[in-house]
Amino acid sequence: MPLTETAARLRTLWHEIAAAARAVTPSTGAPELNGRQTQRLREELRACLEERGGEIAARARAAQAGRLYLSLNAEGRQRFLRTVASFDVDRERIDDLTAQMREAADPEQRRRLEILLRHALEPPRLHLLRRFNSLPEGVKFLVDLRADLIDLAGDDSELRALERDVKELLASWFDVGFLELRRITWESPAALLERLANYEAVHEVRGWPDIKNRLDADRRCFAFFHPLMPAEPLIFIEVALVDELSGEIAALLDQRAPLGMAVAASHAIFYSISNCQRGLVGISFGNALIKRVVDELSSELRSLKTFSTLSPIPGFRAWLEHADEKAAGNGSPHTLRAMLAKRSWHRDPEATEALREPLMRLCAHYLLEERRAGTSRALDPVAHFHLSNGAQVERINWLGDLSPRGMRESAGMLVNYLYRLDQIDENHQAYAERGEIAASNAVKRLCKR
């Protein structure tokens with residue numbers, strides 16, 4: 001997420017620290033950050049690194065730098081980030097220490113050189129970034145700063161290197177062992193519920209009644225939080241507690257459906273998993289989240305026997321556009337694409353009858369056989385996520401999602417990934433080591449047609 005959403009809160013929280021900074025460094029007050037102001041920024045960042053004036057002055061400079069960054073436009077932020085990125089390692093120093101190590105014969109001298117080399121290999125910009133860790137909302141600031149870096153870096157090698165540094169720093173701070181699992185309910189703060197609605201990435205939330213329905217007695221919602229971002233969910237999962245394996249998302253989201261009895265439910269259906277912080281892309285929490293939620297639900301509801309997803313197939317339509325004759329089998333890709341291009345084809349009984357068999361077969365082929373180029377991992381990103389976690393492809397559901405997005409991305413189909421608790425480790429190992437995808441007999445038969 002861009003920094004604009006947290007800018008006001010950060011400015012307020014840093015006000016007192018930044019007030020001290022004004023005695024150290026005046027604000028540039030420039031949204032574009034011209035050359036002269038960039039040079040002044042570089043001098044102040046160097047002073048921050050050297051702790052001129054002591055620890056309090058260094059924190060003040062960091063806070064002022066953060067407030068400056070929040071005031072800049074996209075061009076100014078790019079210049080700011082490039083300035084931070086320029087605080088790189090001293091390569092001559094690294095070469096010199098490496099040469100000394102090669103010549104060192106005394107073990108104690110070699111150990112001292114190793115310590116010096118380890119220190120030299122860490123770019124000074126990491127020390128600048130860590131300065132924000134001790135500031136109010138400083139971790140959130142860095143999470144959002146990485147989101148900006150992802151958008152702004154492009155082919156800029158310096159910014160890409162800085163983005164990798166920020167990612168590694170965040171990965172060390174966001175180890176799953178530090179995260180707190182919380183259940184979200186209708187009684188949770190309204191601001192948190194609004195964030196969940198905004199972050200929902202799978203099935204759009206349509207107002208407060210929809211939120212309430214997703215948090216009702218026969219539903220569960222869990223999220224991971226970090227101690228330094230207590231009001232900001234990192235990732236959340238929505239669960240329906242039902243009596244059978246669900247194949248249609250509309251039924252799960254139907255606000256008029258009768259309330260089920262959670263204590264008697266036999267199936268837990270994970271129907272939406274959403275990452276909330278763009279700045280944490282590439283730092284995985286989903287695997288740990290699913291396992292923790294399964295443990296929580298198993299402890300709470302002894303009647304639960306089946307844990308499954310109801311998942312989209314976001315890459316299927318895009319792949320189908322380029323499917324060749326071999327994959328299509330008896331159905332011409334050109335003919336299939338022409339039929340799918342017709343608006344509301346799913347409301348035409350003749351079209352749905354003609355498309356059902358070839359599309360189901362192609363979908364099974366796509367999920368079980370198609371791989372990302374040069375790897376053994378499933379081409380579909382959602383499939384790869386659940387297969388990596390030890391699930392199996394259980395069932396493909398014809399026209400399970402008739403939303404515009406579901407039709408556009410998945411040709412209306414959904415898939416159940418089943419988590420058999422006694423097979424998770426075996427499935428994970430087979431997929432991770434050999435690229436073998438666990439699937440039900442029904443899906444395998446579809447793929448062989």
# chains A, B, ... in the order shown; residues from 1 in each chain; ligands from 1

call {"tool": "residues_around", "arguments": {"residues": "Ala439 in chain A", "least_positions_apart": "4", "cutoff": "7 Å", "atoms": "only C-alpha atoms", "output": "number ranges by chain"}}
result
A: 392-394, 443-444

call {"tool": "residues_around", "arguments": {"residues": "Ile184 in chain A", "least_positions_apart": "6", "cutoff": "10 Å", "atoms": "only C-alpha atoms", "output": "PyMOL selection string"}}
result
chain A and resi 192-193+196+215+220-223+236-238

call {"tool": "atom_distance", "arguments": {"atom1": "CA of Ala74 in chain A", "atom2": "CA of Leu152 in chain A"}}
result
8.1 Å

call {"tool": "select_by_dssp", "arguments": {"residues": "range 149-205 of chain A", "states": "alpha helix (DSSP H)", "output": "JSON, numbers by chain"}}
result
{"A": [149, 150, 151, 152, 157, 158, 159, 160, 161, 162, 163, 164, 165, 166, 167, 168, 169, 170, 171, 172, 173, 190, 191, 192, 193, 194, 195, 196, 197, 198, 199]}

call {"tool": "write_last_selection", "arguments": {"atoms": "N, CA and C atoms", "output": "mmCIF file, in the first residue's frame"}}
result
data_model
loop_
_atom_site.group_PDB
_atom_site.id
_atom_site.type_symbol
_atom_site.label_atom_id
_atom_site.label_comp_id
_atom_site.auth_asym_id
_atom_site.auth_seq_id
_atom_site.Cartn_x
_atom_site.Cartn_y
_atom_site.Cartn_z
ATOM 1 N N LEU A 149 9.063 1.395 -3.170
ATOM 2 C CA LEU A 149 10.251 0.946 -3.898
ATOM 3 C C LEU A 149 9.875 -0.047 -4.997
ATOM 4 N N ILE A 150 8.953 -0.950 -4.692
ATOM 5 C CA ILE A 150 8.515 -1.924 -5.693
ATOM 6 C C ILE A 150 7.951 -1.213 -6.910
ATOM 7 N N ASP A 151 7.215 -0.133 -6.661
ATOM 8 C CA ASP A 151 6.594 0.608 -7.761
ATOM 9 C C ASP A 151 7.577 1.510 -8.498
ATOM 10 N N LEU A 152 8.545 2.056 -7.772
ATOM 11 C CA LEU A 152 9.415 3.083 -8.345
ATOM 12 C C LEU A 152 10.729 2.546 -8.909
ATOM 13 N N SER A 157 19.109 -0.185 -10.899
ATOM 14 C CA SER A 157 19.824 -1.204 -10.120
ATOM 15 C C SER A 157 20.034 -0.764 -8.670
ATOM 16 N N GLU A 158 20.272 0.538 -8.449
ATOM 17 C CA GLU A 158 20.474 1.023 -7.079
ATOM 18 C C GLU A 158 19.209 0.870 -6.257
ATOM 19 N N LEU A 159 18.061 1.241 -6.829
ATOM 20 C CA LEU A 159 16.804 1.130 -6.090
ATOM 21 C C LEU A 159 16.415 -0.324 -5.879
ATOM 22 N N ARG A 160 16.725 -1.181 -6.856
ATOM 23 C CA ARG A 160 16.427 -2.611 -6.672
ATOM 24 C C ARG A 160 17.266 -3.188 -5.533
ATOM 25 N N ALA A 161 18.522 -2.750 -5.431
ATOM 26 C CA ALA A 161 19.377 -3.214 -4.337
ATOM 27 C C ALA A 161 18.837 -2.739 -2.993
ATOM 28 N N LEU A 162 18.369 -1.494 -2.951
ATOM 29 C CA LEU A 162 17.775 -0.969 -1.717
ATOM 30 C C LEU A 162 16.511 -1.742 -1.369
ATOM 31 N N GLU A 163 15.701 -2.042 -2.371
ATOM 32 C CA GLU A 163 14.476 -2.815 -2.118
ATOM 33 C C GLU A 163 14.799 -4.177 -1.526
ATOM 34 N N ARG A 164 15.842 -4.830 -2.026
ATOM 35 C CA ARG A 164 16.238 -6.131 -1.475
ATOM 36 C C ARG A 164 16.697 -5.991 -0.031
ATOM 37 N N ASP A 165 17.423 -4.903 0.275
ATOM 38 C CA ASP A 165 17.862 -4.680 1.653
ATOM 39 C C ASP A 165 16.676 -4.500 2.591
ATOM 40 N N VAL A 166 15.699 -3.705 2.154
ATOM 41 C CA VAL A 166 14.515 -3.482 2.986
ATOM 42 C C VAL A 166 13.757 -4.792 3.181
ATOM 43 N N LYS A 167 13.651 -5.575 2.109
ATOM 44 C CA LYS A 167 12.958 -6.862 2.218
ATOM 45 C C LYS A 167 13.635 -7.776 3.229
ATOM 46 N N GLU A 168 14.963 -7.881 3.161
ATOM 47 C CA GLU A 168 15.683 -8.748 4.095
ATOM 48 C C GLU A 168 15.515 -8.262 5.532
ATOM 49 N N LEU A 169 15.529 -6.949 5.716
ATOM 50 C CA LEU A 169 15.340 -6.387 7.051
ATOM 51 C C LEU A 169 13.953 -6.723 7.574
ATOM 52 N N LEU A 170 12.943 -6.531 6.737
ATOM 53 C CA LEU A 170 11.570 -6.819 7.149
ATOM 54 C C LEU A 170 11.369 -8.316 7.399
ATOM 55 N N ALA A 171 12.006 -9.152 6.578
ATOM 56 C CA ALA A 171 11.866 -10.601 6.759
ATOM 57 C C ALA A 171 12.378 -11.025 8.128
ATOM 58 N N SER A 172 13.446 -10.387 8.598
ATOM 59 C CA SER A 172 13.970 -10.730 9.928
ATOM 60 C C SER A 172 13.046 -10.245 11.037
ATOM 61 N N TRP A 173 12.360 -9.144 10.806
ATOM 62 C CA TRP A 173 11.444 -8.623 11.818
ATOM 63 C C TRP A 173 10.088 -9.320 11.801
ATOM 64 N N ALA A 190 -14.203 -0.744 14.487
ATOM 65 C CA ALA A 190 -14.720 -0.433 13.148
ATOM 66 C C ALA A 190 -13.588 -0.132 12.167
ATOM 67 N N ALA A 191 -12.526 0.534 12.662
ATOM 68 C CA ALA A 191 -11.404 0.865 11.778
ATOM 69 C C ALA A 191 -10.747 -0.402 11.245
ATOM 70 N N LEU A 192 -10.665 -1.438 12.080
ATOM 71 C CA LEU A 192 -10.082 -2.699 11.640
ATOM 72 C C LEU A 192 -10.982 -3.385 10.619
ATOM 73 N N LEU A 193 -12.283 -3.353 10.845
ATOM 74 C CA LEU A 193 -13.217 -3.968 9.893
ATOM 75 C C LEU A 193 -13.165 -3.249 8.544
ATOM 76 N N GLU A 194 -13.015 -1.935 8.580
ATOM 77 C CA GLU A 194 -12.880 -1.189 7.329
ATOM 78 C C GLU A 194 -11.608 -1.593 6.583
ATOM 79 N N ARG A 195 -10.539 -1.812 7.331
ATOM 80 C CA ARG A 195 -9.300 -2.242 6.684
ATOM 81 C C ARG A 195 -9.472 -3.604 6.026
ATOM 82 N N LEU A 196 -10.152 -4.526 6.714
ATOM 83 C CA LEU A 196 -10.381 -5.836 6.120
ATOM 84 C C LEU A 196 -11.152 -5.709 4.809
ATOM 85 N N ALA A 197 -12.165 -4.851 4.803
ATOM 86 C CA ALA A 197 -12.952 -4.653 3.584
ATOM 87 C C ALA A 197 -12.080 -4.107 2.461
ATOM 88 N N ASN A 198 -11.195 -3.171 2.794
ATOM 89 C CA ASN A 198 -10.323 -2.576 1.775
ATOM 90 C C ASN A 198 -9.266 -3.554 1.281
ATOM 91 N N TYR A 199 -8.790 -4.415 2.175
ATOM 92 C CA TYR A 199 -7.721 -5.348 1.816
ATOM 93 C C TYR A 199 -8.234 -6.616 1.135
#

call {"tool": "closest_atom_pairs", "arguments": {"of": "range 199-256 of chain A", "to": "range 311-321 of chain A", "cutoff": "10 Å", "atoms": "only C-alpha atoms", "output": "tab-separated table"}}
result
residue	atom	partner	partner_atom	distance
A:Val202	CA	A:Pro312	CA	8.0
A:His203	CA	A:Pro312	CA	9.8
A:Gly247	CA	A:Ser311	CA	9.5
A:Ile249	CA	A:Ser311	CA	9.1

call {"tool": "write_last_selection", "arguments": {"atoms": "N, CA and C atoms", "output": "short mmCIF file (atom, residue, chain, number, x, y, z; two decimals), in the first residue's frame"}}
result
data_model
loop_
_atom_site.label_atom_id
_atom_site.label_comp_id
_atom_site.auth_asym_id
_atom_site.auth_seq_id
_atom_site.Cartn_x
_atom_site.Cartn_y
_atom_site.Cartn_z
N VAL A 202 -10.01 -11.22 -2.84
CA VAL A 202 -10.59 -12.33 -3.59
C VAL A 202 -12.05 -12.06 -3.94
N HIS A 203 -12.86 -11.75 -2.93
CA HIS A 203 -14.29 -11.51 -3.16
C HIS A 203 -14.65 -10.15 -2.56
N GLY A 247 -19.14 -25.70 -3.39
CA GLY A 247 -18.71 -25.55 -4.77
C GLY A 247 -19.10 -24.22 -5.40
N ILE A 249 -19.41 -19.97 -4.61
CA ILE A 249 -19.11 -18.89 -3.69
C ILE A 249 -20.35 -18.08 -3.34
#

call {"tool": "atom_distance", "arguments": {"atom1": "CA of Glu108 in chain A", "atom2": "CA of Ile94 in chain A"}}
result
19.1 Å

call {"tool": "residues_around", "arguments": {"residues": "Val263 in chain A", "least_positions_apart": "2", "cutoff": "7 Å", "atoms": "only C-alpha atoms", "output": "short mmCIF file (atom, residue, chain, number, x, y, z; two decimals) with N, CA and C atoms, in the first residue's frame"}}
result
data_model
loop_
_atom_site.label_atom_id
_atom_site.label_comp_id
_atom_site.auth_asym_id
_atom_site.auth_seq_id
_atom_site.Cartn_x
_atom_site.Cartn_y
_atom_site.Cartn_z
N MET A 261 -25.21 -23.90 12.18
CA MET A 261 -24.76 -24.18 13.54
C MET A 261 -23.29 -24.57 13.50
N ALA A 265 -20.97 -28.21 12.50
CA ALA A 265 -20.39 -28.19 11.15
C ALA A 265 -19.32 -29.28 11.01
N LEU A 301 -13.90 -26.60 17.62
CA LEU A 301 -15.05 -27.33 17.07
C LEU A 301 -14.65 -28.77 16.76
N SER A 303 -16.42 -31.18 15.90
CA SER A 303 -17.20 -31.82 14.83
C SER A 303 -16.53 -31.69 13.46
#

call {"tool": "closest_residue", "arguments": {"among": "A:Arg67, A:Arg214, A:Arg337, A:Arg130", "to": "Leu142 in chain A", "atoms": "only C-alpha atoms"}}
result
A:Arg130

call {"tool": "atom_distance", "arguments": {"atom1": "CA of Leu72 in chain A", "atom2": "CA of Leu33 in chain A"}}
result
7.4 Å

call {"tool": "residues_around", "arguments": {"residues": "Ala62 in chain A", "least_positions_apart": "4", "cutoff": "8 Å", "atoms": "only C-alpha atoms", "output": "list of chain:residue names"}}
result
A:Leu45, A:Cys48, A:Ala58, A:Gly66, A:Leu128, A:Arg131, A:Phe132

call {"tool": "write_last_selection", "arguments": {"atoms": "N, CA and C atoms", "output": "mmCIF file, in the first residue's frame"}}
result
data_model
loop_
_atom_site.group_PDB
_atom_site.id
_atom_site.type_symbol
_atom_site.label_atom_id
_atom_site.label_comp_id
_atom_site.auth_asym_id
_atom_site.auth_seq_id
_atom_site.Cartn_x
_atom_site.Cartn_y
_atom_site.Cartn_z
ATOM 1 N N LEU A 45 21.627 12.724 6.491
ATOM 2 C CA LEU A 45 21.630 11.269 6.661
ATOM 3 C C LEU A 45 23.001 10.798 7.147
ATOM 4 N N CYS A 48 23.180 11.509 10.724
ATOM 5 C CA CYS A 48 22.377 10.512 11.443
ATOM 6 C C CYS A 48 23.188 9.233 11.647
ATOM 7 N N ALA A 58 20.154 11.681 16.592
ATOM 8 C CA ALA A 58 20.062 10.742 15.467
ATOM 9 C C ALA A 58 18.618 10.318 15.233
ATOM 10 N N GLY A 66 11.872 11.035 7.733
ATOM 11 C CA GLY A 66 10.614 10.358 7.434
ATOM 12 C C GLY A 66 9.508 11.338 7.097
ATOM 13 N N LEU A 128 20.646 3.204 8.558
ATOM 14 C CA LEU A 128 19.634 4.258 8.416
ATOM 15 C C LEU A 128 18.235 3.679 8.527
ATOM 16 N N ARG A 131 17.049 2.805 11.964
ATOM 17 C CA ARG A 131 16.697 3.950 12.806
ATOM 18 C C ARG A 131 15.179 4.095 12.957
ATOM 19 N N PHE A 132 14.449 3.693 11.922
ATOM 20 C CA PHE A 132 13.000 3.852 11.979
ATOM 21 C C PHE A 132 12.344 2.820 12.883
#

call {"tool": "residues_around", "arguments": {"residues": "Leu399 in chain A", "least_positions_apart": "6", "cutoff": "9 Å", "atoms": "only C-alpha atoms", "output": "list in words"}}
result
Gly247, Glu248, His346, Gly406, Met407, Ala411, Gly412, Met413 and Leu414 of chain A

call {"tool": "write_last_selection", "arguments": {"atoms": "N, CA and C atoms", "output": "tab-separated table (two decimals), in the first residue's frame"}}
result
chain	number	residue	atom	x	y	z
A	247	GLY	N	-19.14	-25.70	-3.39
A	247	GLY	CA	-18.71	-25.55	-4.77
A	247	GLY	C	-19.10	-24.22	-5.40
A	248	GLU	N	-19.88	-23.41	-4.68
A	248	GLU	CA	-20.33	-22.12	-5.21
A	248	GLU	C	-20.07	-21.02	-4.19
A	346	HIS	N	-22.55	-17.84	-20.01
A	346	HIS	CA	-22.91	-18.75	-18.92
A	346	HIS	C	-24.41	-18.77	-18.64
A	406	GLY	N	-14.64	-13.52	-11.53
A	406	GLY	CA	-14.57	-14.96	-11.67
A	406	GLY	C	-14.70	-15.41	-13.11
A	407	MET	N	-15.59	-14.76	-13.88
A	407	MET	CA	-15.75	-15.10	-15.29
A	407	MET	C	-14.52	-14.68	-16.09
A	411	ALA	N	-13.03	-18.37	-15.97
A	411	ALA	CA	-14.15	-18.90	-16.74
A	411	ALA	C	-15.25	-19.41	-15.81
A	412	GLY	N	-15.38	-18.75	-14.67
A	412	GLY	CA	-16.44	-19.08	-13.73
A	412	GLY	C	-16.17	-20.26	-12.84
A	413	MET	N	-15.03	-20.91	-13.00
A	413	MET	CA	-14.78	-22.13	-12.22
A	413	MET	C	-14.02	-21.85	-10.93
A	414	LEU	N	-14.25	-22.70	-9.96
A	414	LEU	CA	-13.54	-22.69	-8.69
A	414	LEU	C	-12.98	-24.09	-8.44

call {"tool": "residues_around", "arguments": {"residues": "Gly76 in chain A", "least_positions_apart": "2", "cutoff": "8 Å", "atoms": "only C-alpha atoms", "output": "short mmCIF file (atom, residue, chain, number, x, y, z; two decimals) with N, CA and C atoms, in the first residue's frame"}}
result
data_model
loop_
_atom_site.label_atom_id
_atom_site.label_comp_id
_atom_site.auth_asym_id
_atom_site.auth_seq_id
_atom_site.Cartn_x
_atom_site.Cartn_y
_atom_site.Cartn_z
N PRO A 31 8.43 19.30 -2.55
CA PRO A 31 7.87 18.01 -2.94
C PRO A 31 8.68 17.29 -4.01
N GLU A 32 9.53 17.99 -4.75
CA GLU A 32 10.30 17.35 -5.81
C GLU A 32 11.75 17.06 -5.41
N LEU A 33 12.26 17.74 -4.40
CA LEU A 33 13.61 17.52 -3.88
C LEU A 33 14.65 17.80 -4.97
N ASN A 34 15.00 19.08 -5.14
CA ASN A 34 15.96 19.44 -6.17
C ASN A 34 17.38 19.08 -5.75
N TYR A 69 10.06 12.64 3.64
CA TYR A 69 9.68 11.67 2.62
C TYR A 69 8.17 11.69 2.39
N LEU A 72 6.87 14.40 -0.01
CA LEU A 72 7.35 14.46 -1.39
C LEU A 72 6.39 13.83 -2.37
N ASN A 73 6.45 14.29 -3.63
CA ASN A 73 5.71 13.62 -4.69
C ASN A 73 6.51 12.42 -5.18
N ALA A 74 5.99 11.72 -6.20
CA ALA A 74 6.64 10.48 -6.67
C ALA A 74 8.07 10.73 -7.12
N GLN A 78 11.50 9.26 -5.33
CA GLN A 78 12.50 8.49 -6.05
C GLN A 78 13.90 9.06 -5.79
N ARG A 79 14.03 10.39 -5.79
CA ARG A 79 15.32 11.01 -5.49
C ARG A 79 15.75 10.72 -4.05
N PHE A 80 14.78 10.79 -3.14
CA PHE A 80 15.07 10.49 -1.74
C PHE A 80 15.60 9.06 -1.60
#

call {"tool": "closest_residue", "arguments": {"among": "A:Ala338, A:Ala391, A:Ala442, A:Ala147", "to": "Thr306 in chain A", "atoms": "only C-alpha atoms"}}
result
A:Ala391

call {"tool": "decode", "arguments": {"residues": "range 406-429 of chain A", "atoms": "C-alpha atoms", "output": "PDB file, in the first residue's frame"}}
result
ATOM      1  CA  GLY A 406     -14.567 -14.965 -11.671  1.00  0.00           C
ATOM      2  CA  MET A 407     -15.750 -15.105 -15.293  1.00  0.00           C
ATOM      3  CA  ARG A 408     -12.863 -12.981 -16.524  1.00  0.00           C
ATOM      4  CA  GLU A 409     -10.068 -14.884 -14.758  1.00  0.00           C
ATOM      5  CA  SER A 410     -11.348 -18.419 -14.180  1.00  0.00           C
ATOM      6  CA  ALA A 411     -14.154 -18.897 -16.745  1.00  0.00           C
ATOM      7  CA  GLY A 412     -16.443 -19.077 -13.728  1.00  0.00           C
ATOM      8  CA  MET A 413     -14.778 -22.128 -12.221  1.00  0.00           C
ATOM      9  CA  LEU A 414     -13.535 -22.689  -8.692  1.00  0.00           C
ATOM     10  CA  VAL A 415     -11.422 -25.462  -7.220  1.00  0.00           C
ATOM     11  CA  ASN A 416     -11.371 -27.170  -3.825  1.00  0.00           C
ATOM     12  CA  TYR A 417      -7.911 -27.766  -2.394  1.00  0.00           C
ATOM     13  CA  LEU A 418      -8.284 -30.368   0.342  1.00  0.00           C
ATOM     14  CA  TYR A 419      -6.054 -30.395   3.407  1.00  0.00           C
ATOM     15  CA  ARG A 420      -5.922 -33.979   4.654  1.00  0.00           C
ATOM     16  CA  LEU A 421      -4.159 -33.562   7.957  1.00  0.00           C
ATOM     17  CA  ASP A 422      -2.470 -36.967   7.792  1.00  0.00           C
ATOM     18  CA  GLN A 423      -1.118 -36.330   4.266  1.00  0.00           C
ATOM     19  CA  ILE A 424      -0.003 -32.697   4.378  1.00  0.00           C
ATOM     20  CA  ASP A 425       3.683 -33.392   5.019  1.00  0.00           C
ATOM     21  CA  GLU A 426       3.841 -36.161   2.405  1.00  0.00           C
ATOM     22  CA  ASN A 427       2.097 -33.999  -0.230  1.00  0.00           C
ATOM     23  CA  HIS A 428       4.317 -31.026   0.525  1.00  0.00           C
ATOM     24  CA  GLN A 429       7.494 -33.074   0.207  1.00  0.00           C
TER      25      GLN A 429
END
